[in-house]
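**Student:** I am sharing structure_25.txt, which consists of compact mmCIF, C-alpha atoms:
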# COMPACT_ATOMS: atom_id res chain seq x y z
CA LEU W 125 -0.64 -12.58 13.78
CA ASN W 126 2.45 -10.65 12.73
CA SER W 127 4.94 -11.68 10.06
CA SER W 128 7.91 -9.77 8.67
CA ASP W 129 8.92 -12.52 6.21
CA THR W 130 8.84 -11.45 2.57
CA ASN W 131 7.25 -13.02 -0.53
CA ARG W 132 4.68 -14.97 1.45
CA THR W 133 0.92 -15.48 1.06
CA LEU W 134 -1.48 -15.90 3.96
CA HIS W 135 -4.66 -17.85 3.11
CA ILE W 136 -7.50 -18.16 5.62
CA VAL W 137 -10.35 -20.23 4.16
CA ALA W 138 -13.61 -21.51 5.66
CA ASP W 139 -15.30 -24.19 3.56
CA ARG W 140 -18.56 -25.97 4.37
CA ASN W 141 -20.44 -27.57 1.50
CA ASN W 142 -23.87 -28.70 2.65
CA THR W 143 -27.42 -27.52 3.27
CA ASP W 144 -27.85 -28.51 6.92
CA ALA W 145 -29.85 -26.03 8.98
CA VAL W 146 -26.85 -25.62 11.30
CA GLY W 147 -24.40 -25.10 8.47
CA LEU W 148 -21.84 -22.34 8.86
CA SER W 149 -18.89 -21.17 6.79
CA GLN W 150 -17.29 -18.16 8.42
CA VAL W 151 -13.95 -16.39 8.66
CA ASN W 152 -13.94 -14.13 11.73
CA ILE W 153 -10.88 -11.92 12.29
CA SER W 154 -10.96 -10.73 15.91
CA ALA W 155 -7.25 -10.03 16.49
CA ALA W 156 -4.85 -7.86 14.52
CA VAL W 157 -3.23 -9.36 11.41
CA SER W 158 -0.11 -7.78 9.92
CA PHE W 159 1.52 -9.67 7.07
CA ASN W 160 4.37 -8.91 4.70
CA GLY W 161 2.72 -10.38 1.63
CA ASP W 162 -0.66 -11.21 0.09
CA ILE W 163 -3.62 -11.90 2.41
CA THR W 164 -6.72 -13.80 1.28
CA LEU W 165 -9.75 -14.29 3.53
CA ILE W 166 -12.33 -16.55 1.90
CA SER W 167 -15.62 -18.17 2.89
CA THR W 168 -16.41 -20.78 0.22
CA GLY W 169 -19.28 -22.67 1.83
CA ASN W 170 -22.19 -23.72 -0.38
CA ASP W 171 -24.70 -23.38 2.43
CA THR W 172 -27.76 -21.26 1.66
CA ILE W 173 -29.09 -21.52 5.24
CA GLY W 174 -26.21 -20.68 7.59
CA PRO W 175 -24.76 -17.16 7.89
CA ASP W 176 -21.77 -17.69 5.61
CA ARG W 177 -19.54 -14.63 5.80
CA VAL W 178 -16.15 -13.02 6.25
CA LEU W 179 -16.15 -10.72 9.29
CA VAL W 180 -13.21 -8.37 9.95
CA ASN W 181 -13.36 -7.06 13.51
CA ALA W 182 -9.68 -6.14 13.90
CA THR W 183 -6.97 -4.38 11.93
CA VAL W 184 -5.78 -6.31 8.87
CA THR W 185 -2.66 -4.92 7.20
CA SER W 186 -0.96 -6.32 4.11
CA THR W 187 2.16 -4.99 2.42
CA ALA W 188 0.94 -6.65 -0.79
CA ASN W 189 -2.60 -7.42 -1.99
CA LEU W 190 -5.58 -8.03 0.27
CA ILE W 191 -8.46 -10.16 -1.05
CA ILE W 192 -11.73 -10.88 0.81
CA VAL W 193 -14.41 -13.11 -0.72
CA SER W 194 -17.67 -14.43 0.71
CA ALA W 195 -19.05 -16.89 -1.81
CA GLN W 196 -22.71 -16.85 -0.83
CA ARG W 197 -23.37 -14.31 1.86
CA ASP W 198 -21.85 -11.32 3.64
CA ALA W 199 -18.48 -9.61 3.77
CA ILE W 200 -18.21 -7.18 6.68
CA VAL W 201 -15.70 -4.73 8.10
CA GLY W 202 -16.91 -4.21 11.65
CA ALA W 203 -16.66 -1.06 13.73
CA SER W 204 -13.46 -2.41 15.33
CA GLY W 205 -12.00 -3.60 12.05
CA SER W 206 -10.08 -2.05 9.17
CA LEU W 207 -8.30 -3.02 5.97
CA SER W 208 -5.00 -1.40 5.04
CA ALA W 209 -2.38 -1.76 2.30
CA PRO W 210 0.39 0.70 3.24
CA THR W 211 2.61 -0.07 0.23
CA GLY W 212 2.08 1.67 -3.11
CA GLY W 213 0.77 -0.11 -6.17
CA LYS W 214 -1.17 -2.76 -4.28
CA SER W 215 -4.87 -3.63 -4.24
CA ILE W 216 -7.69 -4.31 -1.81
CA SER W 217 -10.57 -6.35 -3.19
CA MET W 218 -13.70 -7.17 -1.18
CA THR W 219 -16.58 -9.24 -2.56
CA ALA W 220 -19.87 -10.34 -1.02
CA ASP W 221 -21.99 -13.10 -2.57
CA SER W 222 -19.49 -13.83 -5.33
CA ASP W 223 -21.71 -16.70 -6.55
CA ILE W 224 -24.59 -14.18 -6.99
CA THR W 225 -27.02 -16.60 -5.37
CA SER W 226 -28.10 -15.48 -1.91
CA GLY W 227 -28.40 -11.71 -1.82
CA GLY W 228 -25.33 -11.16 0.34
CA THR W 229 -24.32 -7.74 1.64
CA LEU W 230 -20.96 -5.99 1.69
CA THR W 231 -20.94 -3.77 4.78
CA LEU W 232 -18.28 -1.24 5.80
CA ASN W 233 -18.38 0.14 9.34
CA ASN W 234 -14.79 1.34 9.36
CA ASN W 235 -11.81 2.17 7.13
CA VAL W 236 -10.46 0.65 3.93
CA THR W 237 -7.28 2.47 2.90
CA ILE W 238 -4.31 2.36 0.55
CA THR W 239 -1.33 4.60 1.20
CA GLY W 240 2.15 5.02 -0.22
CA GLY W 241 1.25 5.25 -3.91
CA ALA W 242 -1.25 4.32 -6.59
CA GLY W 243 -3.21 1.13 -6.11
CA SER W 244 -6.84 0.07 -6.34
CA ILE W 245 -9.80 -0.62 -4.08
CA THR W 246 -12.58 -2.83 -5.49
CA LEU W 247 -15.90 -3.35 -3.68
CA GLN W 248 -18.30 -5.83 -5.22
CA GLY W 249 -21.67 -7.17 -4.01
CA GLY W 250 -24.44 -8.05 -3.27
CA THR W 251 -25.91 -4.96 -1.75
CA ILE W 252 -23.13 -2.53 -0.78
CA ASN W 253 -23.57 -0.45 2.37
CA GLN W 254 -20.86 1.88 3.64
CA ALA W 255 -22.39 2.77 6.99
CA ALA W 256 -19.33 4.57 8.38
CA GLY W 257 -15.59 4.96 7.99
CA THR W 258 -13.37 6.02 5.12
CA VAL W 259 -12.57 4.39 1.79
CA ASP W 260 -9.31 6.08 0.76
CA ALA W 261 -7.36 4.93 -2.29
CA GLY W 262 -4.67 7.60 -1.98
CA THR W 263 -3.55 8.25 -5.56
CA GLY W 264 -5.24 5.04 -6.70
CA THR W 265 -8.68 4.11 -8.03
CA ILE W 266 -11.94 2.96 -6.45
CA SER W 267 -14.45 0.69 -8.21
CA ILE W 268 -17.88 -0.18 -6.76
CA ASP W 269 -20.03 -2.84 -8.48
CA SER W 270 -23.14 -4.22 -6.76
CA ASN W 271 -24.27 -6.70 -9.43
CA ASP W 272 -27.63 -4.97 -9.95
CA ASN W 273 -28.21 -4.37 -6.23
CA GLY W 274 -28.22 -1.10 -4.30
CA VAL W 275 -25.28 1.03 -3.16
CA THR W 276 -25.39 3.33 -0.12
CA LEU W 277 -22.36 5.48 0.77
CA SER W 278 -22.71 7.18 4.17
CA GLY W 279 -19.05 7.53 5.11
CA THR W 280 -16.13 9.19 3.34
CA VAL W 281 -14.82 8.15 -0.08
CA THR W 282 -11.68 9.85 -1.37
CA SER W 283 -9.02 9.59 -4.07
CA SER W 284 -6.51 11.91 -5.73
CA ASN W 285 -6.14 9.72 -8.82
CA VAL W 286 -5.61 11.51 -12.16
CA GLY W 287 -7.77 9.13 -14.21
CA THR W 288 -11.12 7.51 -13.48
CA ALA W 289 -10.74 7.89 -9.74
CA LEU W 290 -14.18 6.55 -8.73
CA THR W 291 -16.48 4.24 -10.67
CA ILE W 292 -19.90 3.11 -9.46
CA LYS W 293 -21.50 0.68 -11.90
CA ASP W 294 -23.89 -2.23 -12.42
CA THR W 295 -26.23 -1.00 -9.68
CA SER W 296 -29.97 -0.71 -9.22
CA THR W 297 -29.93 2.41 -7.03
CA VAL W 298 -27.29 4.70 -5.49
CA THR W 299 -27.74 6.76 -2.33
CA PHE W 300 -25.15 9.28 -1.14
CA ALA W 301 -25.28 10.39 2.50
CA GLY W 302 -21.62 11.09 3.21
CA SER W 303 -18.59 12.76 1.68
CA ILE W 304 -17.14 12.05 -1.78
CA THR W 305 -13.88 13.86 -2.58
CA LEU W 306 -11.95 13.46 -5.84
CA SER W 307 -9.31 16.12 -5.49
CA ASN W 308 -7.36 15.98 -8.75
CA SER W 309 -8.44 18.32 -11.55
CA ALA W 310 -7.81 15.50 -14.06
CA ALA W 311 -10.00 13.02 -12.18
CA THR W 312 -13.22 11.46 -13.50
CA PHE W 313 -16.20 10.33 -11.45
CA ALA W 314 -18.05 7.66 -13.46
CA LEU W 315 -21.52 7.18 -11.99
CA GLY W 316 -22.75 4.40 -14.23
CA VAL W 317 -20.89 3.06 -17.27
CA ASP W 318 -22.37 2.81 -20.73
CA GLY W 319 -22.77 -0.70 -22.14
CA GLY W 320 -22.60 -4.21 -20.77
CA GLY W 321 -25.33 -3.64 -18.19
CA ASN W 322 -23.04 -1.40 -16.17
CA GLU W 323 -25.31 1.64 -15.92
CA VAL W 324 -27.34 2.61 -12.85
CA THR W 325 -30.73 1.12 -13.66
CA GLY W 326 -32.72 3.04 -11.04
CA THR W 327 -32.50 6.30 -9.13
CA ILE W 328 -29.53 8.25 -7.79
CA ASP W 329 -30.28 10.21 -4.61
CA GLN W 330 -28.35 12.34 -2.15
CA THR W 331 -29.80 12.68 1.35
CA ALA W 332 -26.86 14.41 3.08
CA GLY W 333 -23.15 15.13 2.80
CA ALA W 334 -21.11 16.66 0.01
CA ILE W 335 -19.74 15.55 -3.36
CA THR W 336 -16.57 17.35 -4.45
CA VAL W 337 -15.18 16.47 -7.87
CA GLU W 338 -12.42 18.73 -9.18
CA GLY W 339 -12.45 17.04 -12.59
CA THR W 340 -15.22 15.50 -14.72
CA THR W 341 -18.43 13.81 -13.64
CA SER W 342 -20.16 11.36 -15.98
CA ILE W 343 -23.63 10.02 -15.10
CA ILE W 344 -25.36 7.17 -16.96
CA ALA W 345 -28.62 6.24 -15.24
CA ASP W 346 -32.07 5.04 -16.27
CA GLY W 347 -33.86 6.65 -13.32
CA ASN W 348 -34.08 10.09 -11.74
CA VAL W 349 -30.87 11.78 -10.57
CA SER W 350 -31.04 14.10 -7.55
CA LEU W 351 -27.68 15.47 -6.34
CA THR W 352 -28.86 18.71 -4.80
CA GLN W 353 -26.95 19.29 -1.57
CA SER W 354 -25.74 22.89 -1.38
CA THR W 355 -22.27 21.70 -0.31
CA ASN W 356 -21.66 19.88 -3.61
CA ASP W 357 -18.85 21.17 -5.81
CA PHE W 358 -18.65 19.69 -9.29
CA GLY W 359 -15.83 20.65 -11.66
CA THR W 360 -16.85 20.11 -15.28
Kindly present the structure from the file in structure tokens form.
**Tutor:**
Amino acid sequence: LNSSDTNRTLHIVADRNNTDAVGLSQVNISAAVSFNGDITLISTGNDTIGPDRVLVNATVTSTANLIIVSAQRDAIVGASGSLSAPTGGKSISMTADSDITSGGTLTLNNNVTITGGAGSITLQGGTINQAAGTVDAGTGTISIDSNDNGVTLSGTVTSSNVGTALTIKDTSTVTFAGSITLSNSAATFALGVDGGGNEVTGTIDQTAGAITVEGTTSIIADGNVSLTQSTNDFGT
């Protein structure tokens, strides 16, 4: 699908509201989508048995905002998929298990990127697993919130934002196994947020990779913190 029309919104919604054993509510993107406006991909089914999900297995590009929501289960960017907002000041938001009922998982196997100016990338779960690929907000911000589930980052996460460039909050555990780069000297990496249940309630571990923060790192966690890779480079 390719559209050059302006000021449009593309909605793709799957809605199945039952509890049949064969129930399924799924949005599956298997061919490239390029749209000059907002894109929303939503699975709204109230089925706790079928594999309700939004699966992106092709390139999805929006010149405006890109919103992905799986109400009860999984939101996935497959190895052949990607999400891109090439126009500055826009946002990409991806949510798994927005009803917080079924233990859904947000999985990234490829890239989520914003270019052309400051915007925002929001990842919210369910369990959040970046298995591969790059999350790149350009000069914008990245927020990761797993609703008291775990977060694993094994790919690349990068931003050159001058404020709170990367926030990871409301998680049980965090595991780093890839590359985190916040390149601006005025940037802040907020690993847990004080108040409102937004801290990291368990452990923070690093099994591989490198964390490079040119600015400030703030850690608020109830469990042990182990960020000991020799390639790490923390500013202040």
**Student:** So how far away is CA of Thr246 (chain W) from CA of Asp223 (chain W), in Å?
**Tutor:**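 These two atoms are separated by 16.6 Å.
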**Student:** Can you list, as number ranges by chain, every protein, DNA or RNA residue that comes within 7 Å of Gly213 (chain W) when you count all atoms listed in the file, leaving out same-chain residues fewer than 6 positions away?
**Tutor:** W: 241-243
**Student:** What does the distance between CA of Thr295 (chain W) and CA of Thr225 (chain W) come to in Å, to one decimal place?
**Tutor:**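 Here the two named atoms are 16.2 Å from each other.
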**Student:** Counting all atoms listed in the file, which residue out of W:Thr265, W:Thr327, W:Gln353, W:Ser244 sits closest to Thr288 (chain W)?
**Tutor:**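 Using all atoms listed in the file, the shortest distance to Thr288 (chain W) belongs to W:Thr265.
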**Student:** Taking (-18.4, 4.7, 6.0) in the file's own coordinates, collect the residues within 8 Å, counting all atoms listed in the file, and hand them back as a list in words.
**Tutor:**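 Here the neighbourhood of the point contains Leu232, Asn233, Asn234, Asn235, Gln254, Ala255, Ala256, Gly257, Thr258, Val259, Leu277, Ser278, Gly279, Thr280, Val281 and Gly302 of chain W.
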**Student:** For the residues selected in the previous step, produce a file with C-alpha atoms as a tab-separated table (two decimals), in the frame of the given file.
**Tutor:**
chain	number	residue	atom	x	y	z
W	232	LEU	CA	-18.28	-1.24	5.80
W	233	ASN	CA	-18.38	0.14	9.34
W	234	ASN	CA	-14.79	1.34	9.36
W	235	ASN	CA	-11.81	2.17	7.13
W	254	GLN	CA	-20.86	1.88	3.64
W	255	ALA	CA	-22.39	2.77	6.99
W	256	ALA	CA	-19.33	4.57	8.38
W	257	GLY	CA	-15.59	4.96	7.99
W	258	THR	CA	-13.37	6.02	5.12
W	259	VAL	CA	-12.57	4.39	1.79
W	277	LEU	CA	-22.36	5.48	0.77
W	278	SER	CA	-22.71	7.18	4.17
W	279	GLY	CA	-19.05	7.53	5.11
W	280	THR	CA	-16.13	9.19	3.34
W	281	VAL	CA	-14.82	8.15	-0.08
W	302	GLY	CA	-21.62	11.09	3.21
**Student:** Of the candidates W:Asn348, W:Ser215, W:Thr251, W:Ser194, which one gets nearest to Asp269 (chain W) if we count all atoms listed in the file?
**Tutor:**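 Counting all atoms listed in the file, the residue closest to Asp269 (chain W) is W:Thr251.
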**Student:** Which residue is closest to Phe159 (chain W)? Choose from W:Gln248, W:Ser186, W:Thr276, W:Thr282 and count all atoms listed in the file.
**Tutor:**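 Closest to Phe159 (chain W) of all the choices is W:Ser186.
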**Student:** Which residue is closest to Asp272 (chain W)? Choose from W:Phe313, W:Thr291, W:Val324, W:Ile304 and count all atoms listed in the file.
**Tutor:**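 Closest to Asp272 (chain W), using all atoms listed in the file: W:Val324.
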**Student:** Calculated over all atoms listed in the file, which of the candidates W:Thr312, W:Thr299, W:Ser222, W:Ala261 has the smallest distance to Val275 (chain W)?
**Tutor:**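 The closest residue to Val275 (chain W) is W:Thr299.
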**Student:** Between W:Leu247, W:Val337, W:Ile266, W:Val180, single out the one closest to Leu230 (chain W), counting all atoms listed in the file.
**Tutor:**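 Closest residue, counting all atoms listed in the file: W:Leu247.
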**Student:** At what distance in Å, to one decimal, does CA of Gln196 (chain W) lie from CA of Gly250 (chain W)?
**Tutor:** 9.3 Å
**Student:** Quick one: residues within 6 Å of (-29.0, 10.1, -15.9) (file frame), counting only C-alpha atoms, please, as an NGL selection string.
**Tutor:** :W and (343-346 or 349)
**Student:** Would you mind listing what lies within 6 Å of Ile216 (chain W) as a list in words, with all atoms listed in the file counted and same-chain residues fewer than 3 positions away left out?
**Tutor:** Asn189, Leu190, Ile191 and Ile245 of chain W
**Student:** Can you list, as a PyMOL selection string, every protein, DNA or RNA residue that comes within 6 Å of Arg197 (chain W) when you count all atoms listed in the file, leaving out same-chain residues fewer than 6 positions away?
**Tutor:** chain W and resi 176-177+221+228
**Student:** Counting all atoms listed in the file, what is within 8 Å of Leu207 (chain W), bar same-chain residues fewer than 6 positions away, as a ChimeraX atom specification?
**Tutor:** /W:183-185,201,216,235-237
**Student:** Since we have the selection now, will you write its residues out, keeping C-alpha atoms, as a PDB file, in the frame of the given file?
**Tutor:**
ATOM      1  CA  THR W 183      -6.970  -4.380  11.930  1.00  0.00           C
ATOM      2  CA  VAL W 184      -5.780  -6.310   8.870  1.00  0.00           C
ATOM      3  CA  THR W 185      -2.660  -4.920   7.200  1.00  0.00           C
ATOM      4  CA  VAL W 201     -15.700  -4.730   8.100  1.00  0.00           C
ATOM      5  CA  ILE W 216      -7.690  -4.310  -1.810  1.00  0.00           C
ATOM      6  CA  ASN W 235     -11.810   2.170   7.130  1.00  0.00           C
ATOM      7  CA  VAL W 236     -10.460   0.650   3.930  1.00  0.00           C
ATOM      8  CA  THR W 237      -7.280   2.470   2.900  1.00  0.00           C
TER       9      THR W 237
END
**Student:** For Ser309 (chain W), work out the shell of residues within 10 Å, counting only C-alpha atoms and skipping chain neighbours fewer than 5 positions away, then give it as JSON, numbers by chain.
**Tutor:** {"W": [284, 285, 286, 287, 337, 338, 339, 340, 359, 360]}
